[in-house]
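Colleague: Take a look at this one; I'll ask things after.
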Amino acid sequence: MHELDVESSWRARLRGEEETDLDPAAYPTIGAVADHWQRDEAEMHRWLATLTDEELAAPPPREPDQSFPLWYYLVHVVSHGIQELEEAVVLLGPSGHAPRDLGFLDYADTTTH
């Protein structure tokens, strides 16, 4: 839930929109989270496909006084997701439920074949 909320909030912020926090109580099952995540990922892909080189090089609308270009923030969102994944692995490892095959190429193998 945390990572879904972070990605959704950052996308809204970087587009100049109002951010809203997701309510975990609205997602009683893993399936509900997965459904929202798929919709959110599709929206992220649609938005990224519209960005021009000029937009990526400029500060985001709600960060006009920052010197960072939009693409820095996008890298931040990705690296935050990687950090969260690492933390989940640390927490799940002792329980015997650590995920396997977490590398990007492992992911690519499951989505491109």
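Naming scheme: A, B, ... for chains in displayed order of the structure tokens; residues 1 onward per chain; ligands 1 onward as shown.
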Run DSSP on the backbone and tell me which residues of chain A come out as helix (DSSP H, G or I); list them as a ChimeraX atom specification.
Modeller: /A:2-14,24-26,30-50,53-57,70-95,104-112
Colleague: Write out as a list of chain:residue names each polymer residue whose atoms come within 10 Å of stretch 46-59 of chain A, counting only C-alpha atoms; drop sequence neighbours fewer than 2 positions from it.
Modeller: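 The neighbour list is A:Arg11, A:Leu14, A:Arg15, A:Asp40, A:Glu41, A:Ala42, A:Glu43, A:Met44, A:Pro61, A:Arg62, A:Glu63, A:Pro64, A:Asp65, A:Gln66, A:Ser67, A:Phe68, A:Pro69, A:Leu70, A:Trp71, A:Tyr72, A:Tyr73, A:Leu74.
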Colleague: In Å, with one decimal, what is the gap from atom CA of A:Glu3 to atom CA of A:Gly81?
Modeller: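 Here the two named atoms are 6.5 Å from each other.
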